[in-house]
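Okay, my_file_19.tsv is below, TSV, C-alpha atoms:
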chain	number	residue	atom	x	y	z
A	26	MET	CA	16.57	-4.07	-16.71
A	27	SER	CA	20.11	-5.48	-16.85
A	28	GLN	CA	22.62	-5.23	-14.00
A	29	THR	CA	24.71	-2.88	-16.18
A	30	GLU	CA	21.77	-0.49	-16.69
A	31	VAL	CA	20.97	-0.49	-12.98
A	32	SER	CA	24.61	0.22	-12.15
A	33	ASN	CA	24.76	3.09	-14.66
A	34	MET	CA	21.59	4.66	-13.23
A	35	LYS	CA	23.05	4.61	-9.75
A	36	GLN	CA	26.43	5.99	-10.87
A	37	LYS	CA	24.86	8.91	-12.74
A	38	GLN	CA	22.91	9.97	-9.67
A	39	GLN	CA	25.91	9.69	-7.30
A	40	PRO	CA	23.95	7.98	-4.52
A	41	VAL	CA	24.47	9.13	-0.96
A	42	PRO	CA	23.94	6.66	1.91
A	43	LEU	CA	20.81	7.24	3.98
A	44	GLY	CA	22.87	7.60	7.14
A	45	THR	CA	24.92	10.40	5.58
A	46	LEU	CA	21.83	12.33	4.47
A	47	ILE	CA	20.23	12.02	7.89
A	48	GLY	CA	23.46	13.07	9.59
A	49	ARG	CA	23.63	16.23	7.50
A	50	GLU	CA	20.06	17.11	8.37
A	51	LEU	CA	20.61	16.56	12.08
A	52	ARG	CA	23.69	18.81	12.07
A	53	ASN	CA	22.17	21.57	9.97
A	54	GLU	CA	18.61	21.95	11.21
A	55	LYS	CA	16.21	21.12	14.00
A	56	LEU	CA	14.01	18.26	12.90
A	57	GLU	CA	10.92	19.05	14.94
A	58	LYS	CA	8.85	17.88	11.97
A	59	PRO	CA	10.34	15.57	9.33
A	60	THR	CA	10.51	16.45	5.65
A	61	VAL	CA	8.84	13.97	3.31
A	62	LYS	CA	10.48	13.49	-0.09
A	63	TYR	CA	8.68	11.23	-2.52
A	64	GLY	CA	8.73	9.74	-5.98
A	65	GLN	CA	6.29	7.60	-7.92
A	66	ALA	CA	6.37	5.37	-10.97
A	67	ALA	CA	3.96	2.98	-12.67
A	68	LEU	CA	3.86	0.42	-15.46
A	69	ALA	CA	0.51	-1.33	-15.92
A	70	LYS	CA	-0.81	-3.37	-18.82
A	71	LYS	CA	-4.52	-3.19	-17.90
A	72	GLY	CA	-4.57	0.35	-16.52
A	73	GLU	CA	-6.36	-0.61	-13.29
A	74	ASP	CA	-3.79	0.79	-10.83
A	75	TYR	CA	-4.15	4.30	-9.42
A	76	PHE	CA	-2.33	6.34	-6.83
A	77	LEU	CA	-2.97	9.67	-5.18
A	78	ILE	CA	-0.45	11.76	-3.25
A	79	LYS	CA	-1.38	14.62	-0.95
A	80	LEU	CA	0.66	16.26	1.79
A	81	ASP	CA	0.64	13.86	4.75
A	82	CYS	CA	-1.30	11.21	2.83
A	83	GLU	CA	-0.23	8.62	0.24
A	84	ARG	CA	-2.56	6.00	-1.21
A	85	ILE	CA	-2.34	3.20	-3.77
A	86	PHE	CA	-5.40	1.55	-5.34
A	87	ASP	CA	-4.95	-1.65	-7.37
A	88	GLY	CA	-8.23	-2.19	-9.20
A	89	HIS	CA	-9.55	-5.46	-10.58
A	90	ASN	CA	-12.53	-6.35	-12.78
A	91	GLY	CA	-12.49	-2.79	-14.09
A	92	ILE	CA	-11.36	0.60	-12.85
A	93	SER	CA	-14.53	1.98	-11.24
A	94	ALA	CA	-13.80	0.94	-7.64
A	95	ALA	CA	-10.21	2.21	-7.76
A	96	ILE	CA	-11.28	5.60	-9.11
A	97	PHE	CA	-14.17	5.88	-6.63
A	98	ALA	CA	-11.91	5.08	-3.67
A	99	LYS	CA	-9.28	7.51	-4.92
A	100	GLU	CA	-11.86	10.31	-5.05
A	101	ASN	CA	-13.81	9.60	-1.86
A	102	LEU	CA	-11.83	7.61	0.71
A	103	LEU	CA	-9.79	10.47	2.16
A	104	ASN	CA	-12.87	12.64	2.77
A	105	ASN	CA	-14.71	9.71	4.36
A	106	VAL	CA	-11.81	9.10	6.75
A	107	LEU	CA	-11.46	12.76	7.71
A	108	SER	CA	-15.20	13.16	8.25
A	109	ALA	CA	-15.05	10.40	10.88
A	110	ILE	CA	-12.68	12.47	13.08
A	111	PRO	CA	-14.12	15.31	15.21
A	112	GLN	CA	-12.63	18.62	14.08
A	113	THR	CA	-12.13	19.86	17.64
A	114	LEU	CA	-9.45	17.32	18.56
A	115	GLY	CA	-5.86	18.29	19.33
A	116	ARG	CA	-2.98	16.65	17.49
A	117	GLU	CA	-2.39	13.77	19.93
A	118	GLU	CA	-6.12	13.06	20.22
A	119	TRP	CA	-6.38	13.23	16.41
A	120	LEU	CA	-3.69	10.57	16.04
A	121	GLN	CA	-5.41	8.37	18.61
A	122	ALA	CA	-8.71	8.69	16.73
A	123	LEU	CA	-7.17	8.03	13.30
A	124	PRO	CA	-7.12	4.18	13.32
A	125	ARG	CA	-10.84	3.95	14.10
A	126	ALA	CA	-11.60	6.67	11.56
A	127	LEU	CA	-9.71	4.71	8.90
A	128	VAL	CA	-11.88	1.66	9.53
A	129	ALA	CA	-15.03	3.81	9.36
A	130	GLY	CA	-13.82	5.53	6.19
A	131	PHE	CA	-13.06	2.25	4.41
A	132	VAL	CA	-16.46	0.80	5.33
A	133	LYS	CA	-18.35	3.95	4.29
A	134	THR	CA	-16.52	4.07	0.96
A	135	ASP	CA	-17.36	0.43	0.30
A	136	ILE	CA	-21.06	0.97	1.12
A	137	GLU	CA	-21.26	4.05	-1.10
A	138	PHE	CA	-19.62	2.25	-4.01
A	139	GLN	CA	-21.85	-0.80	-3.69
A	140	GLN	CA	-24.89	1.48	-3.92
A	141	ARG	CA	-23.77	2.31	-7.45
A	142	GLY	CA	-24.43	-1.27	-8.51
A	143	GLU	CA	-21.02	-1.81	-10.13
A	144	THR	CA	-19.00	-4.99	-9.69
A	145	SER	CA	-15.36	-3.95	-9.84
A	146	GLY	CA	-13.14	-3.96	-6.76
A	147	THR	CA	-9.88	-2.54	-5.53
A	148	THR	CA	-7.14	-3.08	-3.01
A	149	VAL	CA	-6.13	-0.04	-0.98
A	150	THR	CA	-2.95	0.89	0.85
A	151	PHE	CA	-3.52	4.18	2.67
A	152	VAL	CA	-0.65	5.90	4.50
A	153	VAL	CA	-0.88	8.96	6.73
A	154	ILE	CA	2.37	10.64	7.80
A	155	ASP	CA	1.90	13.09	10.66
A	156	GLY	CA	5.15	14.30	12.15
A	157	TRP	CA	7.08	11.20	13.20
A	158	THR	CA	3.96	9.00	13.29
A	159	VAL	CA	3.13	6.76	10.35
A	160	THR	CA	-0.33	5.17	10.16
A	161	VAL	CA	-1.11	2.56	7.51
A	162	ALA	CA	-4.48	1.00	6.63
A	163	SER	CA	-4.79	-1.65	3.95
A	164	VAL	CA	-7.05	-4.20	2.29
A	165	GLY	CA	-5.92	-6.64	-0.38
A	166	ASP	CA	-2.40	-7.51	-1.45
A	167	SER	CA	-0.75	-4.16	-2.05
A	168	ARG	CA	2.01	-3.63	0.50
A	169	CYS	CA	3.81	-0.94	2.47
A	170	ILE	CA	7.26	-1.53	3.95
A	171	LEU	CA	9.41	0.67	6.18
A	172	ASP	CA	13.19	0.71	5.78
A	173	THR	CA	14.81	2.36	8.80
A	174	GLN	CA	18.36	3.37	9.63
A	175	GLY	CA	20.44	0.25	10.23
A	176	GLY	CA	18.80	-1.73	7.43
A	177	VAL	CA	15.81	-3.00	9.42
A	178	VAL	CA	12.89	-3.64	7.05
A	179	SER	CA	9.40	-3.82	8.60
A	180	LEU	CA	6.13	-4.83	6.96
A	181	LEU	CA	3.36	-2.35	7.81
A	182	THR	CA	0.54	-4.17	6.01
A	183	VAL	CA	-1.02	-7.65	6.05
A	184	ASP	CA	-1.43	-9.65	2.85
A	185	HIS	CA	-5.08	-10.60	2.37
A	186	ARG	CA	-4.47	-13.25	-0.25
A	187	LEU	CA	-6.29	-16.43	0.72
A	188	GLU	CA	-3.38	-18.51	-0.54
A	189	GLU	CA	-1.05	-17.03	2.06
A	190	ASN	CA	-3.25	-15.95	4.98
A	191	VAL	CA	-4.48	-18.82	7.15
A	192	GLU	CA	-6.45	-16.54	9.49
A	193	GLU	CA	-8.40	-15.07	6.57
A	194	ARG	CA	-9.20	-18.53	5.20
A	195	GLU	CA	-10.56	-19.49	8.62
A	196	ARG	CA	-12.61	-16.28	8.83
A	197	VAL	CA	-14.21	-16.85	5.43
A	198	THR	CA	-15.09	-20.50	6.08
A	199	ALA	CA	-16.38	-19.71	9.60
A	200	SER	CA	-18.70	-17.12	8.01
A	201	GLY	CA	-20.14	-19.72	5.64
A	202	GLY	CA	-18.00	-19.09	2.57
A	203	GLU	CA	-16.03	-21.68	0.65
A	204	VAL	CA	-12.31	-21.53	-0.08
A	205	GLY	CA	-10.88	-23.62	-2.89
A	206	ARG	CA	-9.10	-23.62	-6.22
A	207	LEU	CA	-10.68	-23.37	-9.65
A	208	ASN	CA	-11.98	-26.72	-10.88
A	209	VAL	CA	-11.31	-27.51	-14.53
A	210	PHE	CA	-12.49	-30.31	-16.77
A	211	GLY	CA	-11.71	-33.67	-15.23
A	212	GLY	CA	-11.83	-32.45	-11.64
A	213	SER	CA	-8.33	-30.99	-11.50
A	214	GLU	CA	-7.77	-27.95	-9.32
A	215	VAL	CA	-5.64	-25.09	-10.63
A	216	GLY	CA	-4.53	-21.61	-9.60
A	217	PRO	CA	-4.52	-19.89	-6.21
A	218	LEU	CA	-7.08	-20.37	-3.45
A	219	ARG	CA	-10.23	-18.36	-4.04
A	220	CYS	CA	-13.39	-17.42	-2.17
A	221	TRP	CA	-16.62	-18.85	-3.54
A	222	PRO	CA	-19.01	-17.63	-4.75
A	223	GLY	CA	-17.23	-15.14	-6.95
A	224	GLY	CA	-13.78	-16.69	-7.19
A	225	LEU	CA	-11.80	-13.74	-5.78
A	226	CYS	CA	-8.36	-14.67	-4.47
A	227	LEU	CA	-8.45	-11.80	-1.94
A	228	SER	CA	-10.42	-11.83	1.31
A	229	ARG	CA	-10.62	-8.04	1.80
A	230	SER	CA	-11.20	-5.23	-0.67
A	231	ILE	CA	-13.40	-2.25	-1.47
A	232	GLY	CA	-16.17	-3.05	-3.95
A	233	ASP	CA	-16.54	-6.57	-5.39
A	234	THR	CA	-20.31	-6.57	-4.89
A	235	ASP	CA	-20.64	-9.76	-6.95
A	236	VAL	CA	-18.58	-11.98	-4.64
A	237	GLY	CA	-20.80	-11.93	-1.59
A	238	GLU	CA	-20.57	-10.93	2.05
A	239	PHE	CA	-17.38	-12.82	2.83
A	240	ILE	CA	-15.13	-10.23	1.19
A	241	VAL	CA	-15.01	-7.36	3.68
A	242	PRO	CA	-13.66	-3.78	3.50
A	243	ILE	CA	-12.36	-3.66	7.09
A	244	PRO	CA	-8.68	-2.72	6.85
A	245	HIS	CA	-5.68	-3.87	8.80
A	246	VAL	CA	-4.39	-0.76	10.59
A	247	LYS	CA	-0.92	-0.25	12.01
A	248	GLN	CA	0.54	2.87	13.62
A	249	VAL	CA	4.27	3.29	14.29
A	250	LYS	CA	6.41	6.09	15.70
A	251	LEU	CA	9.70	6.78	13.95
A	252	SER	CA	12.88	7.87	15.67
A	253	ASN	CA	14.40	11.18	14.56
A	254	ALA	CA	16.60	9.16	12.21
A	255	GLY	CA	13.54	8.82	10.00
A	256	GLY	CA	13.13	6.06	7.44
A	257	ARG	CA	11.90	5.14	3.97
A	258	LEU	CA	8.54	3.83	2.88
A	259	ILE	CA	7.92	1.75	-0.23
A	260	ILE	CA	4.22	1.42	-1.10
A	261	ALA	CA	3.47	-0.77	-4.11
A	262	SER	CA	0.85	-2.99	-5.70
A	263	ASP	CA	1.25	-6.75	-5.97
A	264	GLY	CA	3.20	-6.71	-9.23
A	265	ILE	CA	6.26	-5.53	-7.29
A	266	TRP	CA	5.89	-8.02	-4.44
A	267	ASP	CA	5.26	-10.98	-6.75
A	268	ALA	CA	8.76	-10.41	-8.13
A	269	LEU	CA	10.70	-8.86	-5.23
A	270	SER	CA	10.94	-9.58	-1.53
A	271	SER	CA	10.64	-6.67	0.88
A	272	ASP	CA	14.34	-6.87	1.70
A	273	VAL	CA	15.43	-6.87	-1.95
A	274	ALA	CA	13.16	-3.92	-2.79
A	275	ALA	CA	14.55	-1.94	0.15
A	276	GLN	CA	18.16	-2.78	-0.68
A	277	SER	CA	17.77	-1.78	-4.33
A	278	CYS	CA	16.60	1.70	-3.29
A	279	ARG	CA	19.16	2.60	-0.65
A	280	GLY	CA	21.34	5.57	-1.50
A	281	LEU	CA	19.07	6.76	-4.31
A	282	PRO	CA	16.85	9.86	-4.56
A	283	ALA	CA	13.18	8.98	-4.07
A	284	GLU	CA	12.09	9.60	-7.67
A	285	LEU	CA	14.86	7.43	-9.13
A	286	ALA	CA	14.28	4.72	-6.52
A	287	ALA	CA	10.62	4.42	-7.54
A	288	LYS	CA	11.51	4.15	-11.22
A	289	LEU	CA	14.18	1.56	-10.47
A	290	VAL	CA	11.85	-0.65	-8.46
A	291	VAL	CA	9.21	-0.87	-11.21
A	292	LYS	CA	11.82	-1.69	-13.85
A	293	VAL	CA	13.36	-4.61	-11.95
A	294	PRO	CA	10.33	-6.98	-12.11
A	295	TYR	CA	8.72	-7.37	-15.55
A	296	HIS	CA	5.10	-7.37	-14.35
A	297	ILE	CA	2.15	-5.08	-13.73
A	298	ARG	CA	3.13	-2.72	-10.97
A	299	THR	CA	2.64	0.64	-9.31
A	300	CYS	CA	5.04	2.02	-6.75
A	301	PHE	CA	5.22	4.99	-4.39
A	302	PHE	CA	8.42	5.74	-2.53
A	303	ALA	CA	8.89	8.18	0.35
A	304	ASN	CA	11.76	9.06	2.64

Show me, as structure tokens, the structure contained in the file I just sent.
Amino acid sequence: MSQTEVSNMKQKQQPVPLGTLIGRELRNEKLEKPTVKYGQAALAKKGEDYFLIKLDCERIFDGHNGISAAIFAKENLLNNVLSAIPQTLGREEWLQALPRALVAGFVKTDIEFQQRGETSGTTVTFVVIDGWTVTVASVGDSRCILDTQGGVVSLLTVDHRLEENVEERERVTASGGEVGRLNVFGGSEVGPLRCWPGGLCLSRSIGDTDVGEFIVPIPHVKQVKLSNAGGRLIIASDGIWDALSSDVAAQSCRGLPAELAAKLVVKVPYHIRTCFFAN
């Protein structure tokens, strides 16, 4: 997308600064519980990216080696997480129990999928918005960022690419796995760091039964409490983040309605991408 096209899109929508929108809401209504507005957009060549949006829950699944794991996680992960939380808990207790339930839900979903005997895998970025509390669980290299009032951009996920995550490389090798690049004819090494056996460049995912025990489904979990000024979330698969930094993605969306912001983000990088945007 050219700079002229981007400019025309923004002019047609008459963007309003985030601070102005929040100010209007604070003056006109009591914000005991925030309103979530969202938009989504996707452009994928292989058709292995999926997303699911429910009230208070947004998830992105970036499949690889087929679509089975992404579809299975989309259909089963939420129920597995919720079943790990006692139904008798009050709201504050429920939020306290959520991080552990997310870990249990990811692991259960992985075990159930592996029992099917299929070899595909998927990244997952799972976001729960409950009042002013945002809880994010993730495996793989999809990412969730938070853009708050004042232009502060925070990363709510951890990238599980072996090329970029030293701690994950150390975990894999300490467990007996090997980390290295693909060897081609003549002994040359090419491409990103991968886990062997299997050759996956990620250290955490759901599925991937053919790459051994070193690829685990245990998610990174982060829980944050927003101020009443709110904020914006951008949840996207790696095609976005290979082309845009977190700061650039956040800046390109400011002042735009959520639906338009999502469409704009996927049109900036010419790559495989899926994006969910909430504010």

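Between CA of Thr198 in chain A and CA of Ile243 in chain A the interatomic distance comes to 17.1 Å.
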
By how many Å are CA of Thr182 in chain A and CA of Ile154 in chain A apart?
->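 For CA of Thr182 in chain A relative to CA of Ile154 in chain A, the distance reads 15.0 Å.
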
Fewer than 5 positions away in the same chain doesn't count, so skip those; otherwise give me all residues within 9 Å of Leu207 in chain A, counting all atoms listed in the file, as an MDAnalysis selection string.
-> chainID A and resid 213:219 224

Find the distance between CA of Ala94 in chain A and CA of Ile136 in chain A and write it in Å to one decimal.
->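 Separation of CA of Ala94 in chain A and CA of Ile136 in chain A: 11.4 Å.
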
Among the residues A:Ser277, A:Gln248, A:Ser228, A:Ser93, the one that comes closest to Gly146 in chain A [using all atoms listed in the file] = A:Ser93

Could you check which of A:Leu120, A:Ala261, A:Val149, A:Leu171 is closest to Gln65 in chain A, using only C-alpha atoms?
->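 Answer, going by the shortest atom-to-atom distance: A:Ala261.
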
Is it possible to produce a file of range 239-267 of chain A from this structure, with N, CA, C and O atoms, as an mmCIF file, in the first residue's frame?
data_model
loop_
_atom_site.group_PDB
_atom_site.id
_atom_site.type_symbol
_atom_site.label_atom_id
_atom_site.label_comp_id
_atom_site.auth_asym_id
_atom_site.auth_seq_id
_atom_site.Cartn_x
_atom_site.Cartn_y
_atom_site.Cartn_z
ATOM 1 N N PHE A 239 11.010 -31.832 22.920
ATOM 2 C CA PHE A 239 11.639 -30.563 23.269
ATOM 3 C C PHE A 239 10.767 -29.361 22.930
ATOM 4 O O PHE A 239 10.973 -28.262 23.436
ATOM 5 N N ILE A 240 9.791 -29.567 22.067
ATOM 6 C CA ILE A 240 8.828 -28.510 21.743
ATOM 7 C C ILE A 240 7.654 -28.675 22.693
ATOM 8 O O ILE A 240 6.944 -29.674 22.648
ATOM 9 N N VAL A 241 7.435 -27.699 23.562
ATOM 10 C CA VAL A 241 6.449 -27.854 24.635
ATOM 11 C C VAL A 241 5.276 -26.888 24.432
ATOM 12 O O VAL A 241 5.421 -25.840 23.793
ATOM 13 N N PRO A 242 4.097 -27.235 24.998
ATOM 14 C CA PRO A 242 2.910 -26.392 24.841
ATOM 15 C C PRO A 242 2.691 -25.431 26.001
ATOM 16 O O PRO A 242 1.659 -24.768 26.068
ATOM 17 N N ILE A 243 3.634 -25.362 26.936
ATOM 18 C CA ILE A 243 3.448 -24.516 28.123
ATOM 19 C C ILE A 243 3.570 -23.051 27.724
ATOM 20 O O ILE A 243 4.621 -22.612 27.244
ATOM 21 N N PRO A 244 2.517 -22.260 27.915
ATOM 22 C CA PRO A 244 2.530 -20.880 27.424
ATOM 23 C C PRO A 244 3.221 -19.907 28.372
ATOM 24 O O PRO A 244 3.326 -20.153 29.583
ATOM 25 N N HIS A 245 3.671 -18.815 27.798
ATOM 26 C CA HIS A 245 4.047 -17.654 28.601
ATOM 27 C C HIS A 245 2.751 -16.923 28.935
ATOM 28 O O HIS A 245 1.919 -16.677 28.063
ATOM 29 N N VAL A 246 2.553 -16.593 30.210
ATOM 30 C CA VAL A 246 1.318 -15.948 30.652
ATOM 31 C C VAL A 246 1.658 -14.616 31.310
ATOM 32 O O VAL A 246 2.561 -14.543 32.152
ATOM 33 N N LYS A 247 0.924 -13.591 30.923
ATOM 34 C CA LYS A 247 1.117 -12.268 31.525
ATOM 35 C C LYS A 247 -0.244 -11.645 31.795
ATOM 36 O O LYS A 247 -1.145 -11.697 30.948
ATOM 37 N N GLN A 248 -0.390 -11.060 32.976
ATOM 38 C CA GLN A 248 -1.648 -10.428 33.371
ATOM 39 C C GLN A 248 -1.370 -8.985 33.765
ATOM 40 O O GLN A 248 -0.489 -8.721 34.588
ATOM 41 N N VAL A 249 -2.101 -8.050 33.165
ATOM 42 C CA VAL A 249 -1.895 -6.631 33.450
ATOM 43 C C VAL A 249 -3.235 -5.974 33.780
ATOM 44 O O VAL A 249 -4.290 -6.405 33.316
ATOM 45 N N LYS A 250 -3.172 -4.929 34.565
ATOM 46 C CA LYS A 250 -4.366 -4.165 34.938
ATOM 47 C C LYS A 250 -4.275 -2.797 34.269
ATOM 48 O O LYS A 250 -3.310 -2.054 34.453
ATOM 49 N N LEU A 251 -5.288 -2.456 33.486
ATOM 50 C CA LEU A 251 -5.313 -1.182 32.789
ATOM 51 C C LEU A 251 -5.851 -0.086 33.700
ATOM 52 O O LEU A 251 -6.645 -0.345 34.606
ATOM 53 N N SER A 252 -5.418 1.143 33.450
ATOM 54 C CA SER A 252 -6.043 2.282 34.103
ATOM 55 C C SER A 252 -7.370 2.553 33.412
ATOM 56 O O SER A 252 -7.675 1.967 32.362
ATOM 57 N N ASN A 253 -8.183 3.460 33.966
ATOM 58 C CA ASN A 253 -9.477 3.738 33.336
ATOM 59 C C ASN A 253 -9.337 4.515 32.040
ATOM 60 O O ASN A 253 -10.331 4.826 31.392
ATOM 61 N N ALA A 254 -8.100 4.834 31.650
ATOM 62 C CA ALA A 254 -7.876 5.423 30.329
ATOM 63 C C ALA A 254 -7.918 4.371 29.232
ATOM 64 O O ALA A 254 -7.987 4.697 28.052
ATOM 65 N N GLY A 255 -7.864 3.094 29.636
ATOM 66 C CA GLY A 255 -7.971 2.027 28.651
ATOM 67 C C GLY A 255 -6.705 1.848 27.833
ATOM 68 O O GLY A 255 -5.606 2.172 28.263
ATOM 69 N N GLY A 256 -6.853 1.328 26.637
ATOM 70 C CA GLY A 256 -5.719 1.080 25.767
ATOM 71 C C GLY A 256 -6.159 0.329 24.525
ATOM 72 O O GLY A 256 -7.346 0.083 24.319
ATOM 73 N N ARG A 257 -5.176 -0.016 23.691
ATOM 74 C CA ARG A 257 -5.444 -0.748 22.455
ATOM 75 C C ARG A 257 -4.552 -1.973 22.386
ATOM 76 O O ARG A 257 -3.372 -1.913 22.705
ATOM 77 N N LEU A 258 -5.137 -3.069 21.953
ATOM 78 C CA LEU A 258 -4.392 -4.299 21.749
ATOM 79 C C LEU A 258 -4.268 -4.579 20.256
ATOM 80 O O LEU A 258 -5.231 -4.419 19.512
ATOM 81 N N ILE A 259 -3.099 -5.003 19.837
ATOM 82 C CA ILE A 259 -2.910 -5.524 18.480
ATOM 83 C C ILE A 259 -2.385 -6.947 18.636
ATOM 84 O O ILE A 259 -1.326 -7.170 19.224
ATOM 85 N N ILE A 260 -3.147 -7.913 18.136
ATOM 86 C CA ILE A 260 -2.786 -9.325 18.207
ATOM 87 C C ILE A 260 -2.606 -9.801 16.778
ATOM 88 O O ILE A 260 -3.546 -9.726 15.978
ATOM 89 N N ALA A 261 -1.434 -10.304 16.444
ATOM 90 C CA ALA A 261 -1.182 -10.662 15.045
ATOM 91 C C ALA A 261 -0.190 -11.803 14.943
ATOM 92 O O ALA A 261 0.629 -12.035 15.837
ATOM 93 N N SER A 262 -0.262 -12.528 13.835
ATOM 94 C CA SER A 262 0.691 -13.598 13.568
ATOM 95 C C SER A 262 1.995 -13.008 13.048
ATOM 96 O O SER A 262 2.133 -11.806 12.833
ATOM 97 N N ASP A 263 2.981 -13.881 12.827
ATOM 98 C CA ASP A 263 4.345 -13.415 12.583
ATOM 99 C C ASP A 263 4.519 -12.630 11.293
ATOM 100 O O ASP A 263 5.484 -11.870 11.169
ATOM 101 N N GLY A 264 3.612 -12.795 10.337
ATOM 102 C CA GLY A 264 3.748 -12.034 9.098
ATOM 103 C C GLY A 264 3.744 -10.539 9.317
ATOM 104 O O GLY A 264 4.423 -9.788 8.599
ATOM 105 N N ILE A 265 2.978 -10.078 10.314
ATOM 106 C CA ILE A 265 2.973 -8.650 10.658
ATOM 107 C C ILE A 265 4.304 -8.262 11.269
ATOM 108 O O ILE A 265 4.947 -7.282 10.874
ATOM 109 N N TRP A 266 4.758 -9.045 12.259
ATOM 110 C CA TRP A 266 5.929 -8.647 13.049
ATOM 111 C C TRP A 266 7.233 -8.859 12.308
ATOM 112 O O TRP A 266 8.261 -8.275 12.684
ATOM 113 N N ASP A 267 7.232 -9.678 11.247
ATOM 114 C CA ASP A 267 8.422 -9.781 10.409
ATOM 115 C C ASP A 267 8.644 -8.506 9.608
ATOM 116 O O ASP A 267 9.760 -8.222 9.172
#
